[in-house]
$ cat query_28.txt   # compact mmCIF, C-alpha atoms
# COMPACT_ATOMS: atom_id res chain seq x y z
CA MET A 1 32.53 -10.16 -18.37
CA SER A 2 31.82 -11.55 -14.91
CA GLU A 3 30.84 -15.14 -14.23
CA SER A 4 27.28 -14.05 -13.38
CA SER A 5 27.03 -12.09 -16.65
CA GLU A 6 28.35 -15.06 -18.59
CA GLY A 7 25.82 -17.32 -16.88
CA ALA A 8 22.95 -14.96 -17.65
CA ALA A 9 24.03 -14.71 -21.28
CA GLU A 10 24.21 -18.49 -21.65
CA SER A 11 20.82 -18.95 -19.99
CA VAL A 12 19.17 -16.43 -22.30
CA ALA A 13 20.89 -17.90 -25.38
CA GLU A 14 19.80 -21.42 -24.44
CA ARG A 15 16.18 -20.34 -23.98
CA PHE A 16 16.37 -18.56 -27.35
CA ARG A 17 17.44 -21.84 -28.96
CA GLN A 18 14.50 -23.64 -27.36
CA LEU A 19 12.01 -20.98 -28.48
CA TYR A 20 13.23 -20.29 -31.99
CA GLY A 21 15.14 -23.41 -32.99
CA GLY A 22 18.46 -21.74 -33.73
CA THR A 23 21.43 -20.01 -32.16
CA PRO A 24 21.06 -16.23 -31.63
CA ASP A 25 23.26 -13.89 -33.61
CA GLY A 26 24.39 -12.40 -30.29
CA VAL A 27 23.52 -11.52 -26.71
CA TRP A 28 23.43 -7.97 -25.32
CA ALA A 29 22.88 -6.41 -21.89
CA ALA A 30 21.67 -2.97 -20.76
CA PRO A 31 21.44 -1.85 -17.13
CA GLY A 32 18.86 -0.18 -14.97
CA ARG A 33 19.94 2.97 -13.23
CA VAL A 34 19.87 4.87 -9.97
CA ASN A 35 19.62 8.65 -10.13
CA LEU A 36 21.94 10.18 -7.56
CA ILE A 37 20.44 13.66 -7.93
CA GLY A 38 18.39 15.56 -10.53
CA GLU A 39 14.76 14.39 -10.46
CA HIS A 40 12.11 15.59 -12.92
CA THR A 41 14.66 17.92 -14.48
CA ASP A 42 15.30 15.92 -17.65
CA TYR A 43 12.10 16.94 -19.44
CA ASN A 44 12.83 20.53 -18.42
CA ASP A 45 16.14 20.54 -20.34
CA GLY A 46 18.00 20.42 -17.02
CA PHE A 47 20.80 18.49 -15.33
CA VAL A 48 20.76 14.91 -14.02
CA MET A 49 23.32 12.60 -12.44
CA PRO A 50 22.49 8.90 -12.76
CA PHE A 51 24.70 5.84 -12.63
CA ALA A 52 24.13 2.35 -13.97
CA LEU A 53 23.26 -0.63 -11.79
CA PRO A 54 24.66 -4.16 -12.08
CA HIS A 55 21.04 -5.26 -12.69
CA THR A 56 20.45 -5.67 -16.43
CA ALA A 57 18.03 -6.57 -19.16
CA VAL A 58 19.64 -9.24 -21.33
CA ALA A 59 18.52 -9.98 -24.90
CA ALA A 60 19.39 -12.82 -27.26
CA VAL A 61 18.59 -11.63 -30.77
CA SER A 62 18.76 -12.76 -34.38
CA ARG A 63 17.91 -10.58 -37.35
CA ARG A 64 15.20 -11.48 -39.85
CA ALA A 65 14.60 -10.26 -43.39
CA ASP A 66 10.89 -11.12 -43.73
CA GLY A 67 9.25 -8.31 -41.75
CA VAL A 68 8.39 -10.54 -38.78
CA LEU A 69 9.15 -9.50 -35.20
CA ARG A 70 8.95 -12.28 -32.61
CA LEU A 71 9.20 -11.39 -28.91
CA HIS A 72 9.42 -13.44 -25.74
CA SER A 73 10.26 -12.61 -22.13
CA ALA A 74 11.40 -14.93 -19.37
CA ASP A 75 9.73 -12.57 -16.92
CA VAL A 76 6.19 -12.62 -18.35
CA ASP A 77 4.01 -15.72 -18.61
CA GLY A 78 2.91 -16.46 -22.14
CA PRO A 79 4.00 -17.69 -25.54
CA VAL A 80 6.08 -15.97 -28.19
CA VAL A 81 4.31 -12.85 -29.49
CA GLU A 82 4.53 -12.46 -33.27
CA LEU A 83 4.13 -9.03 -34.89
CA THR A 84 4.63 -7.57 -38.36
CA VAL A 85 6.98 -4.59 -38.50
CA ASP A 86 4.88 -2.84 -41.16
CA ASP A 87 1.86 -2.93 -38.85
CA LEU A 88 3.51 -1.39 -35.77
CA ALA A 89 1.59 1.72 -34.70
CA PRO A 90 1.80 4.02 -31.66
CA GLU A 91 -0.30 3.13 -28.61
CA SER A 92 -1.64 -0.01 -30.33
CA ASP A 93 -0.13 -2.33 -27.71
CA LYS A 94 -0.68 -2.11 -23.95
CA ARG A 95 1.43 -5.18 -23.11
CA TRP A 96 5.10 -5.46 -22.16
CA THR A 97 5.83 -5.99 -25.85
CA ALA A 98 5.17 -2.30 -26.50
CA TYR A 99 8.68 -1.46 -25.23
CA PRO A 100 10.75 -3.61 -27.62
CA ALA A 101 8.24 -3.20 -30.47
CA GLY A 102 8.31 0.56 -29.93
CA VAL A 103 12.08 0.55 -30.46
CA VAL A 104 11.67 -1.23 -33.79
CA TRP A 105 8.98 1.27 -34.77
CA ALA A 106 11.18 4.25 -33.77
CA LEU A 107 14.17 2.93 -35.70
CA ARG A 108 12.07 2.40 -38.82
CA GLU A 109 10.39 5.82 -38.44
CA ALA A 110 13.89 7.33 -38.38
CA GLY A 111 14.64 5.68 -41.72
CA HIS A 112 16.62 2.67 -40.56
CA ALA A 113 15.89 -0.53 -42.50
CA VAL A 114 15.11 -2.91 -39.63
CA THR A 115 13.45 -5.88 -41.34
CA GLY A 116 12.50 -8.02 -38.35
CA ALA A 117 14.04 -9.99 -35.51
CA ASP A 118 13.66 -12.87 -33.10
CA ILE A 119 14.17 -11.62 -29.52
CA HIS A 120 14.21 -13.34 -26.14
CA LEU A 121 14.58 -11.13 -23.05
CA ALA A 122 15.26 -11.63 -19.37
CA SER A 123 15.76 -8.90 -16.79
CA THR A 124 17.04 -8.58 -13.24
CA VAL A 125 16.04 -4.89 -13.00
CA PRO A 126 13.16 -4.70 -10.48
CA ALA A 127 10.01 -3.55 -12.30
CA GLY A 128 8.11 -0.59 -10.88
CA ALA A 129 10.91 0.26 -8.44
CA GLY A 130 12.00 3.53 -10.05
CA LEU A 131 15.15 1.90 -11.44
CA SER A 132 14.32 2.19 -15.16
CA SER A 133 13.42 -1.38 -16.02
CA SER A 134 11.59 -0.16 -19.15
CA ALA A 135 14.57 1.88 -20.38
CA ALA A 136 16.83 -1.15 -19.93
CA LEU A 137 14.49 -3.21 -22.14
CA GLU A 138 14.42 -0.50 -24.79
CA VAL A 139 18.15 0.13 -24.84
CA VAL A 140 19.17 -3.53 -24.98
CA VAL A 141 16.91 -4.08 -28.00
CA ALA A 142 18.12 -0.88 -29.66
CA LEU A 143 21.78 -1.80 -29.19
CA ALA A 144 21.24 -5.32 -30.54
CA LEU A 145 19.45 -4.05 -33.64
CA ASN A 146 22.06 -1.32 -34.10
CA ASP A 147 24.78 -3.97 -34.21
CA LEU A 148 22.88 -6.56 -36.27
CA PHE A 149 21.70 -4.12 -38.93
CA GLY A 150 24.93 -2.09 -39.04
CA LEU A 151 23.18 1.18 -38.20
CA ASP A 152 26.32 2.75 -36.66
CA LEU A 153 24.34 4.81 -34.15
CA ARG A 154 26.06 6.15 -31.02
CA GLY A 155 24.78 5.64 -27.49
CA TRP A 156 23.12 9.05 -27.18
CA GLN A 157 21.39 8.53 -30.54
CA LEU A 158 20.02 5.18 -29.41
CA ALA A 159 18.82 6.86 -26.22
CA ARG A 160 16.92 9.51 -28.21
CA LEU A 161 15.21 6.81 -30.29
CA CYS A 162 14.32 4.81 -27.19
CA GLN A 163 12.84 7.92 -25.58
CA ARG A 164 10.74 8.48 -28.70
CA ALA A 165 9.59 4.87 -28.54
CA GLU A 166 8.40 5.33 -24.96
CA ASN A 167 6.90 8.80 -25.51
CA VAL A 168 5.06 8.08 -28.74
CA TYR A 169 4.65 4.31 -29.10
CA VAL A 170 4.08 3.44 -25.43
CA GLY A 171 2.50 6.79 -24.57
CA ALA A 172 4.57 7.60 -21.45
CA PRO A 173 5.87 11.21 -21.23
CA VAL A 174 9.34 10.34 -19.89
CA GLY A 175 12.47 12.43 -20.28
CA ILE A 176 15.79 11.37 -21.76
CA MET A 177 17.73 10.50 -18.60
CA ASP A 178 16.87 6.83 -18.16
CA GLN A 179 17.72 5.76 -21.68
CA THR A 180 20.93 7.80 -21.77
CA ALA A 181 22.06 6.36 -18.44
CA SER A 182 21.45 2.81 -19.64
CA ALA A 183 23.25 3.44 -22.93
CA CYS A 184 26.15 5.64 -21.81
CA CYS A 185 27.15 5.14 -18.17
CA GLU A 186 30.60 3.82 -17.26
CA ALA A 187 31.59 1.54 -14.39
CA GLY A 188 32.81 3.39 -11.31
CA HIS A 189 31.31 6.71 -12.42
CA ALA A 190 28.18 8.81 -12.20
CA LEU A 191 27.05 10.51 -15.40
CA PHE A 192 26.67 14.29 -15.28
CA LEU A 193 24.28 14.84 -18.18
CA ASP A 194 22.97 18.06 -19.67
CA THR A 195 19.65 16.88 -21.09
CA ARG A 196 19.37 19.84 -23.46
CA ASP A 197 22.35 18.99 -25.65
CA LEU A 198 23.19 15.54 -24.19
CA SER A 199 26.73 16.64 -23.33
CA GLN A 200 28.20 14.29 -20.75
CA ARG A 201 30.90 14.13 -18.10
CA GLN A 202 31.81 10.93 -16.31
CA ILE A 203 32.37 11.80 -12.64
CA PRO A 204 34.38 9.25 -10.59
CA PHE A 205 32.14 7.78 -7.90
CA ASP A 206 33.84 5.06 -5.87
CA LEU A 207 32.22 5.12 -2.45
CA ALA A 208 33.83 1.88 -1.25
CA ALA A 209 37.29 3.45 -1.57
CA GLU A 210 36.15 6.19 0.83
CA GLY A 211 34.49 3.88 3.34
CA MET A 212 30.91 4.59 2.29
CA ARG A 213 28.04 2.72 0.70
CA LEU A 214 24.96 3.75 -1.28
CA LEU A 215 21.91 1.61 -0.55
CA VAL A 216 18.82 1.29 -2.70
CA VAL A 217 15.69 0.67 -0.65
CA ASP A 218 12.88 -0.65 -2.83
CA THR A 219 9.66 0.14 -0.97
CA GLN A 220 7.79 -2.49 -3.02
CA VAL A 221 5.21 0.21 -3.86
CA LYS A 222 4.73 0.02 -7.62
CA HIS A 223 4.27 3.00 -9.89
CA SER A 224 3.52 3.58 -13.57
CA HIS A 225 4.90 6.54 -15.51
CA SER A 226 2.10 6.37 -18.05
CA GLU A 227 -0.52 7.13 -15.42
CA GLY A 228 -1.84 10.67 -15.25
CA GLU A 229 0.04 12.22 -12.31
CA TYR A 230 3.41 12.20 -14.09
CA GLY A 231 1.88 13.80 -17.16
CA LYS A 232 0.16 16.47 -15.06
CA ARG A 233 3.46 17.56 -13.58
CA ARG A 234 5.16 17.68 -16.94
CA ALA A 235 2.30 19.81 -18.30
CA GLY A 236 2.58 22.08 -15.26
CA CYS A 237 6.29 22.58 -15.87
CA GLU A 238 5.60 23.46 -19.50
CA LYS A 239 2.96 25.95 -18.38
CA GLY A 240 5.46 27.52 -16.00
CA ALA A 241 8.04 27.91 -18.76
CA ALA A 242 5.42 29.49 -21.04
CA LEU A 243 4.28 31.94 -18.35
CA LEU A 244 7.89 32.94 -17.68
CA GLY A 245 8.68 33.31 -21.38
CA VAL A 246 11.49 30.74 -21.50
CA ASP A 247 12.00 27.67 -23.65
CA ALA A 248 12.27 25.42 -20.59
CA LEU A 249 12.58 25.81 -16.82
CA ARG A 250 16.29 25.12 -17.18
CA ASP A 251 16.51 28.70 -18.46
CA VAL A 252 15.40 30.23 -15.14
CA PRO A 253 18.63 31.15 -13.25
CA HIS A 254 18.75 30.00 -9.64
CA ALA A 255 19.74 33.52 -8.56
CA GLU A 256 16.55 34.90 -10.14
CA LEU A 257 14.18 32.26 -8.75
CA ASP A 258 12.40 34.52 -6.27
CA ALA A 259 11.67 37.08 -8.95
CA ALA A 260 10.42 34.37 -11.31
CA LEU A 261 8.10 32.95 -8.63
CA ALA A 262 6.73 36.43 -7.95
CA ARG A 263 5.87 36.79 -11.64
CA LEU A 264 3.75 33.64 -11.46
CA GLY A 265 1.37 35.35 -9.04
CA ASP A 266 -1.39 33.11 -7.73
CA GLU A 267 -0.44 30.09 -9.88
CA GLU A 268 0.48 28.22 -6.70
CA GLU A 269 0.78 24.73 -8.22
CA VAL A 270 2.96 26.01 -11.04
CA ARG A 271 5.06 27.98 -8.54
CA ARG A 272 5.82 24.79 -6.62
CA LEU A 273 6.83 22.88 -9.74
CA VAL A 274 9.07 25.71 -10.94
CA ARG A 275 10.73 26.02 -7.53
CA HIS A 276 11.56 22.34 -7.46
CA VAL A 277 13.05 22.19 -10.96
CA VAL A 278 15.19 25.32 -10.59
CA THR A 279 16.52 24.34 -7.15
CA GLU A 280 17.08 20.74 -8.26
CA ASP A 281 19.25 21.83 -11.18
CA GLU A 282 21.32 23.84 -8.68
CA ARG A 283 21.59 20.78 -6.43
CA VAL A 284 22.98 18.70 -9.30
CA GLU A 285 25.66 21.29 -9.98
CA ARG A 286 26.48 21.43 -6.25
CA VAL A 287 26.89 17.65 -6.06
CA VAL A 288 29.18 17.65 -9.10
CA SER A 289 31.35 20.33 -7.48
CA LEU A 290 31.53 18.43 -4.18
CA LEU A 291 32.46 15.15 -5.84
CA GLU A 292 35.11 16.78 -8.01
CA ALA A 293 36.52 18.46 -4.89
CA GLY A 294 36.74 15.10 -3.13
CA ASP A 295 34.16 16.12 -0.51
CA THR A 296 31.84 13.18 -1.08
CA ARG A 297 30.33 13.05 2.40
CA ALA A 298 29.02 16.58 1.98
CA ILE A 299 26.55 15.45 -0.69
CA GLY A 300 24.45 13.77 2.02
CA PRO A 301 22.56 16.91 3.11
CA VAL A 302 22.01 17.84 -0.56
CA LEU A 303 20.21 14.51 -1.06
CA VAL A 304 17.95 15.29 1.91
CA GLU A 305 17.21 18.75 0.48
CA GLY A 306 16.25 17.12 -2.81
CA HIS A 307 13.84 14.75 -1.07
CA ALA A 308 12.13 17.60 0.77
CA SER A 309 11.64 19.41 -2.53
CA LEU A 310 10.21 16.32 -4.23
CA ARG A 311 7.94 15.71 -1.25
CA ASP A 312 6.70 19.25 -0.62
CA ASP A 313 6.96 21.09 -3.94
CA PHE A 314 6.71 18.41 -6.62
CA ARG A 315 4.55 16.16 -4.43
CA VAL A 316 5.65 12.83 -5.88
CA SER A 317 6.76 11.11 -2.70
CA CYS A 318 4.65 8.74 -0.62
CA ARG A 319 4.42 7.50 2.96
CA GLU A 320 6.87 4.65 2.40
CA LEU A 321 9.53 6.79 0.71
CA ASP A 322 9.29 9.43 3.43
CA LEU A 323 9.63 6.73 6.08
CA VAL A 324 12.85 5.40 4.51
CA VAL A 325 14.42 8.86 4.35
CA GLU A 326 13.39 9.97 7.85
CA THR A 327 14.37 6.68 9.48
CA ALA A 328 17.70 6.33 7.68
CA VAL A 329 18.83 9.87 8.54
CA ALA A 330 17.72 9.46 12.16
CA ALA A 331 19.73 6.21 12.32
CA GLY A 332 22.93 7.95 11.25
CA ALA A 333 22.88 7.93 7.44
CA LEU A 334 24.76 10.77 5.74
CA GLY A 335 21.78 11.47 3.50
CA ALA A 336 18.82 9.93 1.71
CA ARG A 337 16.15 10.74 -0.84
CA MET A 338 13.59 9.16 -3.11
CA THR A 339 14.91 8.32 -6.57
CA GLY A 340 13.02 7.93 -9.83
CA GLY A 341 9.69 9.33 -10.92
CA GLY A 342 7.99 8.88 -7.57
CA PHE A 343 4.56 7.67 -6.38
CA GLY A 344 6.37 4.65 -4.97
CA GLY A 345 9.53 2.91 -6.09
CA SER A 346 12.87 3.31 -4.34
CA ALA A 347 14.89 5.59 -2.10
CA ILE A 348 18.66 5.86 -1.92
CA VAL A 349 20.62 6.05 1.33
CA LEU A 350 24.23 7.26 1.62
CA ALA A 351 25.91 5.87 4.73
CA GLU A 352 29.25 5.11 6.26
CA GLU A 353 30.11 1.46 5.67
CA THR A 354 30.15 0.83 9.42
CA ASP A 355 26.62 2.27 9.79
CA VAL A 356 24.97 0.18 7.06
CA PRO A 357 23.75 -2.65 9.34
CA ALA A 358 22.19 -0.25 11.85
CA VAL A 359 20.56 1.88 9.15
CA THR A 360 19.20 -1.16 7.32
CA LYS A 361 17.82 -2.62 10.54
CA ALA A 362 16.20 0.67 11.53
CA VAL A 363 14.39 0.95 8.19
CA GLU A 364 13.19 -2.65 8.32
CA GLU A 365 11.90 -2.18 11.88
CA ALA A 366 10.16 1.07 10.96
CA PHE A 367 8.31 -0.63 8.10
CA ALA A 368 7.32 -3.52 10.35
CA ALA A 369 6.08 -1.17 13.06
CA ALA A 370 3.98 0.70 10.51
CA GLY A 371 2.46 -2.55 9.20
CA LEU A 372 4.03 -2.09 5.77
CA THR A 373 5.42 -4.68 3.37
CA ALA A 374 9.09 -5.27 4.11
CA PRO A 375 11.37 -3.25 1.80
CA ARG A 376 14.08 -4.82 -0.36
CA THR A 377 17.51 -3.28 0.24
CA PHE A 378 20.69 -3.74 -1.78
CA GLU A 379 23.94 -1.91 -2.37
CA ALA A 380 24.24 0.16 -5.54
CA VAL A 381 27.65 0.04 -7.20
CA PRO A 382 28.17 2.08 -10.41
CA ALA A 383 28.28 -0.43 -13.27
CA ALA A 384 28.87 -0.45 -17.03
CA GLY A 385 26.33 0.76 -19.55
CA ALA A 386 24.86 -1.21 -22.45
CA ARG A 387 27.20 -3.61 -24.22
CA ARG A 388 27.39 -6.79 -26.27
CA VAL A 389 28.18 -9.70 -23.96
CA ARG A 390 28.64 -12.52 -26.48

$ encode --input "query_28.txt" --output "structure tokens"
Amino acid sequence: MSESSEGAAESVAERFRQLYGGTPDGVWAAPGRVNLIGEHTDYNDGFVMPFALPHTAVAAVSRRADGVLRLHSADVDGPVVELTVDDLAPESDKRWTAYPAGVVWALREAGHAVTGADIHLASTVPAGAGLSSSAALEVVVALALNDLFGLDLRGWQLARLCQRAENVYVGAPVGIMDQTASACCEAGHALFLDTRDLSQRQIPFDLAAEGMRLLVVDTQVKHSHSEGEYGKRRAGCEKGAALLGVDALRDVPHAELDAALARLGDEEEVRRLVRHVVTEDERVERVVSLLEAGDTRAIGPVLVEGHASLRDDFRVSCRELDLVVETAVAAGALGARMTGGGFGGSAIVLAEETDVPAVTKAVEEAFAAAGLTAPRTFEAVPAAGARRVR
């Protein structure tokens, strides 16, 4: 564990002692994620390729046996929130506490005897930036409770339960990618994940060794998955699958896309959604092949293709995200695209190490010239997934 991780763990444990009057049973961490390629494919049973960030949600936790769940966050003003596990019910809570409480609810609904806990949380994952801050909160709580109550659940099983918590308890129709990335990623790798069966391959992804960097540009435009636009697109994808007679859009072969689109007739909105999902799955497979062949620089144009599809077909980009991508590529970046659910959040930029200062400056100047809030830019280095830190 790094010095910064150790410091974060000690800080969270100390605050736990102040809040609850005792030493936590342990401290756990779960990361946010960046999705390299594969956007809006996870709820279509498709392919995704995320990697974990060094930014984490950290939780100090002690188990209880009296049915009481006490929650506190260093990142939200307010006192400890006390709940009763028997009273937890879907969509009954619109506060931040819905995420950890939803995990407790999902575990209990699955038959696991979670009898309460004291939890203090702190996170360095930027909220609303498309980097899965909510999944990090869910996974860190799930892992802590898994350890403390001896549930013996594997990472992918915890991810499924966390997805159920967010889908049913919180009411956000997210796919499985974010939670699986937080639970299962490995340092120095991107995770090639088949979201249908949750089979995984860890693909080596060490850009620094090849003289490249991947930047995350947080546009500072906030989004919310539980708002209606995300749900509309998911419903449109489901309609497309039903009209084409397949279980999910993952089942439409890329080679047969034109014929499938023709069968959709005048369903123009559905045609656009189907085209994005089918071509995006093919882009994920192309990126995997390029990385395994050692041709990392060649993924740049694939990222740009993905952004165009998200912008024009799926229509989840925004002015700020488009500006990052267009400016970065014009300034010499190898590729760029929006990452995450869209409607704001972050873009990723792949660049030669020597070009990073010029690309970063160009993006900052473009935002200033457009009168936009300055973006926050940082390097993304593939980090470890969820783990106990003390």

$ residues_around --input "query_28.txt" --residues "range 310-323 of chain A" --least-positions-apart "2" --cutoff "10 Å" --atoms "only C-alpha atoms" --output "VMD selection string"
chain A and resid 39 to 40 217 to 221 229 to 230 233 269 to 277 280 304 to 308 325 to 328 336 to 348 363 366 to 367 370 372 to 373 375

$ atom_distance --input "query_28.txt" --atom1 "CA of Arg64 in chain A" --atom2 "CA of Pro31 in chain A"
25.5 Å

$ closest_residue --input "query_28.txt" --among "A:Leu249, A:Val216, A:Ala57, A:Leu290" --to "Thr377 in chain A" --atoms "only C-alpha atoms"
A:Val216

$ closest_residue --input "query_28.txt" --among "A:Gly188, A:Leu207, A:Val389, A:Gln202" --to "Ala9 in chain A" --atoms "all atoms listed in the file"
A:Val389

$ closest_atom_pairs --input "query_28.txt" --of "range 144-242 of chain A" --to "range 283-288 of chain A" --cutoff "12 Å" --atoms "only C-alpha atoms" --output "JSON lines"
{"residue": "A:His189", "atom": "CA", "partner": "A:Val288", "partner_atom": "CA", "distance": 11.6}
{"residue": "A:Ala190", "atom": "CA", "partner": "A:Val288", "partner_atom": "CA", "distance": 9.4}
{"residue": "A:Leu191", "atom": "CA", "partner": "A:Val288", "partner_atom": "CA", "distance": 9.8}
{"residue": "A:Phe192", "atom": "CA", "partner": "A:Val288", "partner_atom": "CA", "distance": 7.5}
{"residue": "A:Leu193", "atom": "CA", "partner": "A:Val284", "partner_atom": "CA", "distance": 9.8}
{"residue": "A:Asp194", "atom": "CA", "partner": "A:Val284", "partner_atom": "CA", "distance": 10.4}
{"residue": "A:Arg201", "atom": "CA", "partner": "A:Val288", "partner_atom": "CA", "distance": 9.8}
{"residue": "A:Gln202", "atom": "CA", "partner": "A:Val288", "partner_atom": "CA", "distance": 10.2}
{"residue": "A:Ile203", "atom": "CA", "partner": "A:Val288", "partner_atom": "CA", "distance": 7.5}
{"residue": "A:Pro204", "atom": "CA", "partner": "A:Val288", "partner_atom": "CA", "distance": 10.0}
{"residue": "A:Phe205", "atom": "CA", "partner": "A:Val288", "partner_atom": "CA", "distance": 10.4}

$ closest_residue --input "query_28.txt" --among "A:Ala74, A:Ala30, A:Val104, A:Ala330" --to "Ser133 in chain A" --atoms "only C-alpha atoms"
A:Ala30

$ residues_around --input "query_28.txt" --residues "Asn146 in chain A" --least-positions-apart "4" --cutoff "10 Å" --atoms "only C-alpha atoms" --output "list in words"
Leu107, His112, Val114, Val140, Val141, Ala142, Gly150, Leu151, Asp152, Leu153, Arg154, Gly155 and Leu158 of chain A

$ atom_distance --input "query_28.txt" --atom1 "CA of Leu137 in chain A" --atom2 "CA of Leu53 in chain A"
13.8 Å

$ atom_distance --input "query_28.txt" --atom1 "CA of Thr56 in chain A" --atom2 "CA of Ala183 in chain A"
11.5 Å

$ closest_residue --input "query_28.txt" --among "A:Val34, A:Leu257, A:Met49, A:Ala386" --to "Pro126 in chain A" --atoms "all atoms listed in the file"
A:Val34

$ closest_residue --input "query_28.txt" --among "A:His254, A:Arg70, A:Arg376, A:His120" --to "Gly26 in chain A" --atoms "all atoms listed in the file"
A:His120

$ closest_residue --input "query_28.txt" --among "A:Thr180, A:Asn35, A:Thr360, A:Asn44" --to "Arg234 in chain A" --atoms "only C-alpha atoms"
A:Asn44

$ build_atoms --input "query_28.txt" --residues "range 306-318 of chain A" --atoms "N, CA, C and O atoms" --output "tab-separated table (two decimals), keeping the file's coordinate frame"
chain	number	residue	atom	x	y	z
A	306	GLY	N	16.96	17.54	-1.60
A	306	GLY	CA	16.25	17.12	-2.81
A	306	GLY	C	14.98	16.35	-2.48
A	306	GLY	O	13.94	16.53	-3.13
A	307	HIS	N	15.05	15.50	-1.45
A	307	HIS	CA	13.84	14.75	-1.07
A	307	HIS	C	12.75	15.69	-0.57
A	307	HIS	O	11.57	15.53	-0.93
A	308	ALA	N	13.13	16.65	0.25
A	308	ALA	CA	12.13	17.60	0.77
A	308	ALA	C	11.44	18.34	-0.37
A	308	ALA	O	10.22	18.57	-0.34
A	309	SER	N	12.21	18.70	-1.38
A	309	SER	CA	11.64	19.41	-2.53
A	309	SER	C	10.69	18.52	-3.33
A	309	SER	O	9.62	18.94	-3.75
A	310	LEU	N	11.08	17.26	-3.52
A	310	LEU	CA	10.21	16.32	-4.23
A	310	LEU	C	8.95	16.02	-3.44
A	310	LEU	O	7.87	15.83	-4.00
A	311	ARG	N	9.09	15.99	-2.13
A	311	ARG	CA	7.94	15.71	-1.25
A	311	ARG	C	6.98	16.90	-1.17
A	311	ARG	O	5.76	16.75	-1.30
A	312	ASP	N	7.53	18.10	-0.95
A	312	ASP	CA	6.70	19.25	-0.62
A	312	ASP	C	6.31	20.09	-1.83
A	312	ASP	O	5.20	20.62	-1.88
A	313	ASP	N	7.24	20.26	-2.77
A	313	ASP	CA	6.96	21.09	-3.94
A	313	ASP	C	6.43	20.27	-5.12
A	313	ASP	O	5.39	20.59	-5.70
A	314	PHE	N	7.15	19.20	-5.47
A	314	PHE	CA	6.71	18.41	-6.62
A	314	PHE	C	5.64	17.39	-6.25
A	314	PHE	O	4.90	16.91	-7.10
A	315	ARG	N	5.59	17.04	-4.98
A	315	ARG	CA	4.55	16.16	-4.43
A	315	ARG	C	4.46	14.81	-5.16
A	315	ARG	O	3.40	14.39	-5.61
A	316	VAL	N	5.61	14.16	-5.25
A	316	VAL	CA	5.65	12.83	-5.88
A	316	VAL	C	6.17	11.76	-4.94
A	316	VAL	O	6.42	10.63	-5.34
A	317	SER	N	6.35	12.11	-3.67
A	317	SER	CA	6.76	11.11	-2.70
A	317	SER	C	5.53	10.36	-2.19
A	317	SER	O	4.42	10.56	-2.66
A	318	CYS	N	5.75	9.48	-1.23
A	318	CYS	CA	4.65	8.74	-0.62
A	318	CYS	C	5.07	8.36	0.80
A	318	CYS	O	6.23	8.57	1.20
